>>> print(open('entry_32.csv').read())   # CSV, C-alpha atoms and all ligand atoms
chain,number,residue,atom,x,y,z
T,170,MET,CA,60.1,105.0,201.1
T,171,GLU,CA,63.3,103.4,199.9
T,172,SER,CA,64.9,105.0,196.9
T,173,HIS,CA,64.5,101.9,194.8
T,174,GLU,CA,60.8,101.8,195.7
T,175,TYR,CA,60.4,105.5,194.8
T,176,LEU,CA,62.1,105.2,191.5
T,177,THR,CA,60.0,102.1,190.7
T,178,SER,CA,56.8,104.1,191.5
T,179,LEU,CA,57.9,106.9,189.2
T,180,PHE,CA,59.1,104.9,186.2
T,181,SER,CA,57.8,101.4,186.3
T,182,LEU,CA,55.6,100.5,183.3
T,183,ASP,CA,54.4,97.2,184.9
T,184,GLY,CA,51.0,96.2,183.6
T,185,ARG,CA,51.2,98.7,180.7
T,186,VAL,CA,50.7,97.6,177.1
T,187,ALA,CA,52.7,99.5,174.4
T,188,VAL,CA,52.4,99.3,170.6
T,189,VAL,CA,55.5,100.2,168.7
T,190,THR,CA,55.3,100.7,164.9
T,191,GLY,CA,58.3,100.2,162.6
T,192,SER,CA,59.6,98.1,165.4
T,193,SER,CA,62.4,96.3,163.6
T,194,GLY,CA,64.0,99.7,162.8
T,195,THR,CA,67.0,101.0,164.7
T,196,ILE,CA,65.4,103.6,166.9
T,197,PRO,CA,62.0,101.9,167.4
T,198,SER,CA,64.0,98.7,168.5
T,199,ALA,CA,65.8,100.7,171.1
T,200,LEU,CA,62.6,102.3,172.4
T,201,SER,CA,60.9,98.8,172.5
T,202,ARG,CA,63.8,97.5,174.5
T,203,ALA,CA,63.5,100.3,177.0
T,204,LEU,CA,59.7,99.8,177.4
T,205,LEU,CA,60.2,96.0,177.9
T,206,ARG,CA,62.9,96.5,180.5
T,207,SER,CA,60.6,98.9,182.4
T,208,GLY,CA,57.9,96.3,182.7
T,209,ALA,CA,55.5,96.9,179.8
T,210,ARG,CA,54.2,94.3,177.4
T,211,VAL,CA,55.3,95.4,174.0
T,212,ILE,CA,53.4,94.7,170.8
T,213,LEU,CA,55.9,95.0,167.9
T,214,TRP,CA,54.2,96.1,164.7
T,215,SER,CA,56.3,95.6,161.7
T,216,ARG,CA,55.9,94.9,158.0
T,217,GLY,CA,58.3,92.0,158.3
T,218,ILE,CA,60.0,93.0,155.1
T,219,ARG,CA,63.6,93.6,156.2
T,220,VAL,CA,63.4,91.2,159.1
T,221,PRO,CA,60.7,88.6,159.7
T,222,VAL,CA,58.4,89.6,162.6
T,223,GLU,CA,59.3,86.6,164.8
T,224,GLU,CA,63.0,87.3,164.3
T,225,ALA,CA,62.5,91.0,165.3
T,226,VAL,CA,60.7,89.9,168.4
T,227,ALA,CA,63.4,87.4,169.4
T,228,ARG,CA,66.2,89.9,168.7
T,229,ILE,CA,64.5,92.7,170.9
T,230,GLU,CA,63.8,90.2,173.7
T,231,ASP,CA,67.4,89.0,173.7
T,232,ASP,CA,68.7,92.6,173.6
T,233,ALA,CA,66.5,93.5,176.5
T,234,GLY,CA,67.2,90.3,178.4
T,235,VAL,CA,63.4,90.0,178.9
T,236,HIS,CA,61.4,87.1,177.5
T,237,GLY,CA,57.7,86.4,177.2
T,238,ARG,CA,56.5,90.0,177.1
T,239,ALA,CA,57.1,91.0,173.5
T,240,TYR,CA,54.7,90.0,170.7
T,241,GLY,CA,54.9,90.6,167.0
T,242,MET,CA,52.2,91.6,164.5
T,243,LYS,CA,52.5,92.1,160.8
T,244,VAL,CA,51.1,95.5,160.1
T,245,GLU,CA,51.3,98.1,157.2
T,246,ALA,CA,51.2,101.4,159.2
T,247,GLY,CA,50.1,103.4,156.1
T,248,ASN,CA,47.0,101.3,155.6
T,249,GLU,CA,43.9,102.1,157.7
T,250,ASP,CA,42.4,98.6,157.3
T,251,SER,CA,45.6,96.9,158.4
T,252,VAL,CA,46.1,99.3,161.4
T,253,GLY,CA,42.4,99.0,162.4
T,254,GLU,CA,42.6,95.2,162.3
T,255,ALA,CA,45.9,95.3,164.2
T,256,PHE,CA,44.3,97.4,167.0
T,257,ARG,CA,41.3,95.1,167.2
T,258,LYS,CA,43.6,92.1,167.5
T,259,THR,CA,45.8,93.9,170.1
T,260,VAL,CA,42.8,94.8,172.2
T,261,GLU,CA,41.5,91.2,172.0
T,262,LEU,CA,44.8,89.6,173.0
T,263,PHE,CA,46.3,92.1,175.4
T,264,GLY,CA,43.6,94.6,176.4
T,265,ILE,CA,43.4,98.4,175.5
T,266,PRO,CA,47.0,99.6,174.8
T,267,ASP,CA,48.3,102.4,177.0
T,268,ILE,CA,51.2,103.6,174.9
T,269,LEU,CA,51.7,104.1,171.2
T,270,VAL,CA,55.2,104.8,169.8
T,271,ASN,CA,55.1,106.0,166.2
T,272,GLY,CA,58.4,104.6,165.1
T,273,VAL,CA,57.8,104.5,161.3
T,274,GLY,CA,59.6,107.2,159.3
T,275,GLY,CA,62.8,107.9,157.3
T,276,ASN,CA,64.7,110.0,154.9
T,277,ARG,CA,65.7,109.8,151.3
T,278,ASP,CA,68.7,110.9,149.2
T,279,ARG,CA,69.8,114.6,149.1
T,280,GLU,CA,69.1,116.7,146.0
T,281,PRO,CA,69.2,120.3,145.1
T,282,LEU,CA,65.7,122.1,145.1
T,283,ILE,CA,65.7,122.6,141.4
T,284,LYS,CA,66.2,118.8,140.9
T,285,ALA,CA,63.7,117.8,143.6
T,286,ASP,CA,61.8,114.6,142.8
T,287,VAL,CA,58.2,115.5,143.4
T,288,GLU,CA,57.0,111.9,143.8
T,289,GLY,CA,59.9,111.3,146.2
T,290,PHE,CA,58.9,114.4,148.2
T,291,LYS,CA,55.3,113.1,148.4
T,292,LYS,CA,56.4,109.6,149.5
T,293,THR,CA,58.5,111.1,152.3
T,294,LEU,CA,55.6,113.1,153.6
T,295,GLU,CA,53.4,110.0,153.3
T,296,LEU,CA,56.0,107.8,155.2
T,297,ASN,CA,56.6,110.2,158.1
T,298,LEU,CA,53.3,111.9,158.4
T,299,VAL,CA,50.6,109.4,157.3
T,300,SER,CA,52.3,106.1,158.2
T,301,GLY,CA,54.4,107.7,160.9
T,302,PHE,CA,51.7,109.6,162.7
T,303,LEU,CA,48.2,110.0,161.2
T,304,ILE,CA,46.8,106.5,160.7
T,305,PRO,CA,48.2,104.8,163.9
T,306,THR,CA,47.5,107.8,166.1
T,307,LYS,CA,43.9,108.2,164.8
T,308,ALA,CA,43.1,104.5,165.4
T,309,PHE,CA,44.9,104.5,168.8
T,310,ALA,CA,43.1,107.7,170.0
T,311,SER,CA,39.7,106.4,168.8
T,312,THR,CA,40.2,103.1,170.6
T,313,LEU,CA,41.1,104.8,173.8
T,314,ILE,CA,38.3,107.5,173.6
T,315,ASP,CA,35.7,104.8,173.0
T,316,ALA,CA,36.9,102.9,176.1
T,317,ASP,CA,37.4,106.0,178.2
T,318,HIS,CA,41.0,104.8,178.7
T,319,PRO,CA,44.0,107.2,179.4
T,320,GLY,CA,47.2,106.8,177.4
T,321,CYS,CA,50.1,108.4,175.6
T,322,VAL,CA,51.6,108.8,172.2
T,323,ILE,CA,55.4,109.2,171.5
T,324,ASN,CA,56.2,110.5,168.1
T,325,ILE,CA,59.7,110.7,166.5
T,326,ALA,CA,60.8,114.1,165.3
T,327,ALA,CA,64.5,114.9,164.3
T,328,MET,CA,67.0,117.8,164.3
T,329,SER,CA,65.5,118.8,160.9
T,330,SER,CA,62.3,119.6,162.9
T,331,PHE,CA,64.2,122.7,164.2
T,332,ARG,CA,67.0,123.3,161.7
T,333,PRO,CA,66.4,122.3,158.1
T,334,PHE,CA,69.0,119.8,156.7
T,335,SER,CA,70.3,120.6,153.3
T,336,GLY,CA,68.8,118.9,150.3
T,337,VAL,CA,66.2,116.7,152.0
T,338,TRP,CA,63.0,118.7,151.3
T,339,GLY,CA,60.4,116.2,152.2
T,340,TYR,CA,62.2,115.2,155.4
T,341,ASP,CA,62.5,118.8,156.5
T,342,ALA,CA,58.8,119.4,155.8
T,343,ALA,CA,57.7,116.1,157.5
T,344,LYS,CA,59.7,116.4,160.6
T,345,THR,CA,58.7,120.1,161.2
T,346,GLY,CA,55.2,118.8,160.7
T,347,ILE,CA,55.7,116.2,163.5
T,348,VAL,CA,56.4,118.9,166.0
T,349,SER,CA,53.3,120.8,165.0
T,350,LEU,CA,51.0,117.7,164.9
T,351,THR,CA,52.3,116.7,168.3
T,352,GLN,CA,51.1,120.0,169.7
T,353,ALA,CA,47.8,119.9,167.8
T,354,ALA,CA,47.0,116.3,168.8
T,355,ALA,CA,48.1,117.0,172.4
T,356,ARG,CA,45.6,119.9,172.6
T,357,GLU,CA,42.7,117.9,171.1
T,358,LEU,CA,43.3,114.7,173.1
T,359,ALA,CA,44.1,116.2,176.5
T,360,PRO,CA,40.4,116.2,177.5
T,361,HIS,CA,40.4,112.5,177.0
T,362,ASN,CA,43.6,112.0,179.1
T,363,ILE,CA,45.7,111.1,176.2
T,364,ARG,CA,49.1,112.8,176.2
T,365,VAL,CA,51.1,113.3,173.0
T,366,ASN,CA,54.8,114.1,173.0
T,367,ALA,CA,57.8,113.5,170.8
T,368,ILE,CA,61.5,112.8,171.0
T,369,ALA,CA,63.9,114.5,168.5
T,370,PRO,CA,67.0,112.3,168.2
T,371,GLY,CA,70.2,114.1,167.2
T,372,PHE,CA,72.8,112.1,165.4
T,373,PHE,CA,73.1,108.4,166.1
T,374,ILE,CA,75.1,106.0,163.8
T,375,GLY,CA,72.6,103.5,162.3
T,376,ASP,CA,72.5,101.2,159.3
T,377,GLN,CA,70.9,103.9,157.2
T,378,ASN,CA,73.2,106.9,157.8
T,379,LYS,CA,76.5,105.1,158.5
T,380,SER,CA,77.9,105.6,155.1
T,381,LEU,CA,77.0,109.3,155.2
T,382,LEU,CA,78.8,109.9,158.5
T,383,LEU,CA,81.7,107.5,158.4
T,384,ASP,CA,84.2,106.8,155.7
T,385,GLU,CA,83.9,103.1,154.8
T,386,LYS,CA,87.6,102.6,154.1
T,387,SER,CA,89.3,104.6,156.8
T,388,GLY,CA,86.5,104.4,159.4
T,389,GLY,CA,87.1,108.2,160.0
T,390,LEU,CA,84.5,110.9,159.7
T,391,THR,CA,83.1,112.0,156.3
T,392,GLU,CA,82.8,115.7,155.6
T,393,ARG,CA,79.2,115.6,156.8
T,394,GLY,CA,80.1,113.6,159.9
T,395,ARG,CA,82.8,116.1,160.7
T,396,SER,CA,80.5,119.1,160.3
T,397,ILE,CA,77.9,117.5,162.6
T,398,ILE,CA,80.6,116.8,165.3
T,399,LEU,CA,81.8,120.3,165.1
T,400,ARG,CA,78.3,121.6,165.8
T,401,THR,CA,77.7,119.2,168.7
T,402,PRO,CA,79.0,120.6,172.0
T,403,PHE,CA,79.6,117.0,173.3
T,404,GLY,CA,81.8,116.4,170.3
T,405,ARG,CA,80.5,113.0,169.5
T,406,PHE,CA,77.5,111.1,168.0
T,407,GLY,CA,75.0,109.7,170.4
T,408,THR,CA,74.7,106.1,171.3
T,409,ILE,CA,71.3,104.5,170.8
T,410,ASP,CA,70.8,103.6,174.4
T,411,GLU,CA,70.9,107.4,175.2
T,412,LEU,CA,67.3,107.5,173.8
T,413,GLU,CA,65.9,105.0,176.3
T,414,GLY,CA,65.5,107.2,179.4
T,415,VAL,CA,63.4,109.8,177.7
T,416,ALA,CA,61.1,107.2,176.2
T,417,VAL,CA,60.5,105.6,179.6
T,418,PHE,CA,60.0,109.1,181.2
T,419,LEU,CA,57.4,110.1,178.5
T,420,ALA,CA,55.7,106.7,178.7
T,421,SER,CA,55.3,106.9,182.5
T,422,GLU,CA,52.1,108.6,183.6
T,423,ARG,CA,53.5,109.1,187.1
T,424,ALA,CA,56.8,110.7,185.8
T,425,SER,CA,55.4,113.0,183.0
T,426,GLY,CA,51.7,113.0,183.6
T,427,PHE,CA,51.3,116.7,183.2
T,428,MET,CA,53.5,116.9,180.1
T,429,THR,CA,51.9,117.0,176.7
T,430,GLY,CA,52.6,118.6,173.3
T,431,VAL,CA,56.4,118.7,174.0
T,432,THR,CA,59.2,117.6,171.6
T,433,VAL,CA,62.3,116.6,173.6
T,434,PRO,CA,65.7,116.9,171.8
T,435,ILE,CA,68.3,114.3,172.6
T,436,ASP,CA,71.2,115.8,170.7
T,437,GLY,CA,74.4,116.4,172.7
T,438,GLY,CA,73.6,120.1,172.5
T,439,PHE,CA,73.4,120.3,168.7
T,440,LEU,CA,70.5,122.8,168.8
T,441,THR,CA,72.5,125.2,170.9
T,442,ASP,CA,74.9,125.8,168.0
T,443,THR,CA,75.6,129.4,167.2
T,444,VAL,CA,78.4,131.6,166.0
L,501,LIG,N1,68.5,107.1,162.7
L,501,LIG,C1,68.7,108.4,163.1
L,501,LIG,O1,69.8,108.9,163.3
L,501,LIG,C2,67.4,109.2,163.3
L,501,LIG,C3,67.6,110.5,163.8
L,501,LIG,C4,66.4,111.3,164.0
L,501,LIG,C5,65.2,110.8,163.7
L,501,LIG,N2,65.1,109.5,163.3
L,501,LIG,C6,63.7,109.0,163.0
L,501,LIG,O2,63.5,107.9,163.8
L,501,LIG,C7,62.5,107.1,163.2
L,501,LIG,C8,63.0,105.7,163.0
L,501,LIG,O3,64.2,105.8,162.2
L,501,LIG,P1,65.3,104.7,162.1
L,501,LIG,O4,66.6,105.3,161.8
L,501,LIG,O5,65.2,103.7,163.3
L,501,LIG,O6,64.8,104.0,160.8
L,501,LIG,P2,64.6,102.5,160.3
L,501,LIG,O7,64.4,102.6,158.8
L,501,LIG,O8,65.6,101.7,160.9
L,501,LIG,O9,63.2,102.2,161.0
L,501,LIG,C9,61.9,102.5,160.5
L,501,LIG,C10,61.1,101.3,160.4
L,501,LIG,O10,59.8,101.6,159.8
L,501,LIG,C11,59.4,100.5,158.9
L,501,LIG,N3,58.4,101.0,158.0
L,501,LIG,C12,58.5,101.9,157.0
L,501,LIG,N4,57.4,102.1,156.4
L,501,LIG,C13,56.4,101.3,157.1
L,501,LIG,C14,55.1,101.1,157.0
L,501,LIG,N5,54.4,101.8,156.0
L,501,LIG,N6,54.4,100.2,157.8
L,501,LIG,C15,55.1,99.6,158.8
L,501,LIG,N7,56.5,99.8,159.0
L,501,LIG,C16,57.1,100.6,158.1
L,501,LIG,C17,60.7,100.1,158.3
L,501,LIG,O11,60.6,98.8,157.7
L,501,LIG,C18,61.7,100.2,159.4
L,501,LIG,O12,61.8,99.0,160.1
L,501,LIG,C19,62.2,107.8,161.9
L,501,LIG,O13,61.0,108.6,162.0
L,501,LIG,C20,63.4,108.6,161.6
L,501,LIG,O14,63.1,109.7,160.8
L,501,LIG,C21,66.1,108.7,163.0
>>> encode(input="entry_32.csv", output="structure tokens")
Amino acid sequence: MESHEYLTSLFSLDGRVAVVTGSSGTIPSALSRALLRSGARVILWSRGIRVPVEEAVARIEDDAGVHGRAYGMKVEAGNEDSVGEAFRKTVELFGIPDILVNGVGGNRDREPLIKADVEGFKKTLELNLVSGFLIPTKAFASTLIDADHPGCVINIAAMSSFRPFSGVWGYDAAKTGIVSLTQAAARELAPHNIRVNAIAPGFFIGDQNKSLLLDEKSGGLTERGRSIILRTPFGRFGTIDELEGVAVFLASERASGFMTGVTVPIDGGFLTDTV
């Protein structure tokens, strides 16, 4: 077998249908692009608040250089009715999906524990665990189990899943929870041939964290940015395309079919930091 043919047989997602939630976000967009380039049809679920759904689809297709295989749907990932309806529509239009990427999630401002905003804490848990895992995964698994269809889920954890960040109490709790729920769901869904894994991105400059990591005026590192780089053996932030390979690997049944319950760090060695 030619090497090209071998690699295609390992990693091609031709004929697969992937649903990506939070798809206009920085990391979900990168993962959508990777799945598209690998041959999947990608259903981009988005609230359409920051970017209209059609615009998000056009942007991802242009970035991927692939046209006609991405489709947008307006979905509120934290609402069971909205997600249930979106799965029904997805199945009707594209067949049973094979891959779910739980891309919804996010962080809030830092605060000392004694000033912690309880409502804010609850909202962060809700965003990352309920919208970012529970509701879409429950509906996806139930659709696949009913149809006796194999599949896989990719969750998004973070460095704070392993090392608590300072001052982001809800985010620390939620992202630790993602690692645990990835394992628990993997165990429960394995008999149905549904794999559940996660990726844990290290530090990537995105719209949301740019001002925390880079000084707006000088373009140099902030104190927090410097502290991260010092703890990262590669001595730099990641680039968003460095997340793509793991997403394709985890989505491919042939490449990672015996892997489940795993959270893969993509962090330039950040988690190896020690004295
Ligand atoms: N950016 C980073 O450096 C980084 C690092 C580690 C982990 N992560 C994780 O990656 C994931 C994506 O982060 P990002 O930085 O790309 O964030 P982002 O804010 O760019 O993307 C998240 C998307 O989810 C959408 N969303 C939020 N609530 C929703 C809901 N209820 N229904 C539907 N859509 C909803 C938002 O509109 C947004 O488009 C998050 O779980 C985040 O915690 C990000």
>>> closest_residue(input="entry_32.csv", among="T:Asp278, T:Asp183, T:Asp267, T:Glu171", to="Asn362 of chain T", atoms="all atoms listed in the file")
T:Asp267
>>> closest_atom_pairs(input="entry_32.csv", of="chain T", to="ligand LIG 501 (chain L)", cutoff="7 Å", atoms="only C-alpha atoms and all ligand atoms", output="JSON lines")
{"residue": "T:Thr190", "atom": "CA", "partner": "L:LIG501", "partner_atom": "N7", "distance": 6.1}
{"residue": "T:Gly191", "atom": "CA", "partner": "L:LIG501", "partner_atom": "O10", "distance": 3.5}
{"residue": "T:Ser192", "atom": "CA", "partner": "L:LIG501", "partner_atom": "O12", "distance": 5.8}
{"residue": "T:Ser193", "atom": "CA", "partner": "L:LIG501", "partner_atom": "O12", "distance": 4.5}
{"residue": "T:Gly194", "atom": "CA", "partner": "L:LIG501", "partner_atom": "O9", "distance": 3.2}
{"residue": "T:Thr195", "atom": "CA", "partner": "L:LIG501", "partner_atom": "O5", "distance": 3.5}
{"residue": "T:Ile196", "atom": "CA", "partner": "L:LIG501", "partner_atom": "O5", "distance": 3.6}
{"residue": "T:Pro197", "atom": "CA", "partner": "L:LIG501", "partner_atom": "O5", "distance": 5.5}
{"residue": "T:Trp214", "atom": "CA", "partner": "L:LIG501", "partner_atom": "C15", "distance": 6.9}
{"residue": "T:Ser215", "atom": "CA", "partner": "L:LIG501", "partner_atom": "N7", "distance": 5.0}
{"residue": "T:Arg216", "atom": "CA", "partner": "L:LIG501", "partner_atom": "C15", "distance": 4.8}
{"residue": "T:Ile218", "atom": "CA", "partner": "L:LIG501", "partner_atom": "O11", "distance": 6.4}
{"residue": "T:Arg219", "atom": "CA", "partner": "L:LIG501", "partner_atom": "O11", "distance": 6.2}
{"residue": "T:Val244", "atom": "CA", "partner": "L:LIG501", "partner_atom": "C15", "distance": 5.9}
{"residue": "T:Glu245", "atom": "CA", "partner": "L:LIG501", "partner_atom": "N6", "distance": 3.8}
{"residue": "T:Ala246", "atom": "CA", "partner": "L:LIG501", "partner_atom": "N6", "distance": 3.7}
{"residue": "T:Gly247", "atom": "CA", "partner": "L:LIG501", "partner_atom": "N5", "distance": 4.6}
{"residue": "T:Gly272", "atom": "CA", "partner": "L:LIG501", "partner_atom": "C7", "distance": 5.2}
{"residue": "T:Val273", "atom": "CA", "partner": "L:LIG501", "partner_atom": "O10", "distance": 3.8}
{"residue": "T:Gly274", "atom": "CA", "partner": "L:LIG501", "partner_atom": "O13", "distance": 3.3}
{"residue": "T:Gly275", "atom": "CA", "partner": "L:LIG501", "partner_atom": "O14", "distance": 3.9}
{"residue": "T:Asn276", "atom": "CA", "partner": "L:LIG501", "partner_atom": "O14", "distance": 6.1}
{"residue": "T:Leu296", "atom": "CA", "partner": "L:LIG501", "partner_atom": "N4", "distance": 6.0}
{"residue": "T:Asn297", "atom": "CA", "partner": "L:LIG501", "partner_atom": "O13", "distance": 6.1}
{"residue": "T:Ser300", "atom": "CA", "partner": "L:LIG501", "partner_atom": "N5", "distance": 5.3}
{"residue": "T:Gly301", "atom": "CA", "partner": "L:LIG501", "partner_atom": "O13", "distance": 6.8}
{"residue": "T:Ile325", "atom": "CA", "partner": "L:LIG501", "partner_atom": "O13", "distance": 5.1}
{"residue": "T:Ala326", "atom": "CA", "partner": "L:LIG501", "partner_atom": "C5", "distance": 5.7}
{"residue": "T:Ala327", "atom": "CA", "partner": "L:LIG501", "partner_atom": "C4", "distance": 4.1}
{"residue": "T:Met328", "atom": "CA", "partner": "L:LIG501", "partner_atom": "C4", "distance": 6.5}
{"residue": "T:Ala369", "atom": "CA", "partner": "L:LIG501", "partner_atom": "C4", "distance": 6.1}
{"residue": "T:Pro370", "atom": "CA", "partner": "L:LIG501", "partner_atom": "C4", "distance": 4.4}
{"residue": "T:Gly371", "atom": "CA", "partner": "L:LIG501", "partner_atom": "C3", "distance": 5.6}
{"residue": "T:Phe372", "atom": "CA", "partner": "L:LIG501", "partner_atom": "O1", "distance": 4.9}
{"residue": "T:Phe373", "atom": "CA", "partner": "L:LIG501", "partner_atom": "O1", "distance": 4.4}
{"residue": "T:Ile374", "atom": "CA", "partner": "L:LIG501", "partner_atom": "O1", "distance": 6.1}
{"residue": "T:Gly375", "atom": "CA", "partner": "L:LIG501", "partner_atom": "N1", "distance": 5.5}
{"residue": "T:Gln377", "atom": "CA", "partner": "L:LIG501", "partner_atom": "O4", "distance": 6.5}
{"residue": "T:Asn378", "atom": "CA", "partner": "L:LIG501", "partner_atom": "O1", "distance": 6.8}
>>> closest_residue(input="entry_32.csv", among="T:Ala359, T:Ile304, T:Ile409, T:Val337", to="Ser251 of chain T", atoms="all atoms listed in the file")
T:Ile304
>>> closest_residue(input="entry_32.csv", among="T:Ala310, T:Leu176, T:Leu262, T:Val235", to="Leu205 of chain T", atoms="all atoms listed in the file")
T:Val235
>>> closest_residue(input="entry_32.csv", among="T:Arg185, T:Lys386, T:Arg206, T:His236", to="Glu413 of chain T", atoms="only C-alpha atoms")
T:Arg206
>>> closest_residue(input="entry_32.csv", among="T:Asn248, T:Ser335, T:Ser311, T:Ser172", to="Glu295 of chain T", atoms="all atoms listed in the file")
T:Asn248
>>> atom_distance(input="entry_32.csv", atom1="atom CA of Arg257 of chain T", atom2="atom CA of Val188 of chain T")
12.3 Å
>>> atom_distance(input="entry_32.csv", atom1="atom CA of Gly234 of chain T", atom2="atom CA of Ser181 of chain T")
16.6 Å
>>> residues_around(input="entry_32.csv", residues="Ala416 of chain T", least_positions_apart="2", cutoff="9 Å", atoms="all atoms listed in the file", output="list in words")
Leu200, Ala203, Leu204, Ile323, Ala367, Ile368, Leu412, Glu413, Gly414, Phe418, Leu419, Ala420 and Ser421 of chain T
>>> closest_residue(input="entry_32.csv", among="T:Gly437, T:Gly430, T:Gly388, T:Pro266", to="Phe403 of chain T", atoms="all atoms listed in the file")
T:Gly437
>>> atom_distance(input="entry_32.csv", atom1="atom CA of Asn271 of chain T", atom2="atom CA of Gly404 of chain T")
28.9 Å
>>> residues_near_point(input="entry_32.csv", point="(50.6, 114.4, 176.3)", cutoff="12 Å", atoms="all atoms listed in the file", output="ChimeraX atom specification")
/T:268-269,310,319-324,350-367,418-422,424-432
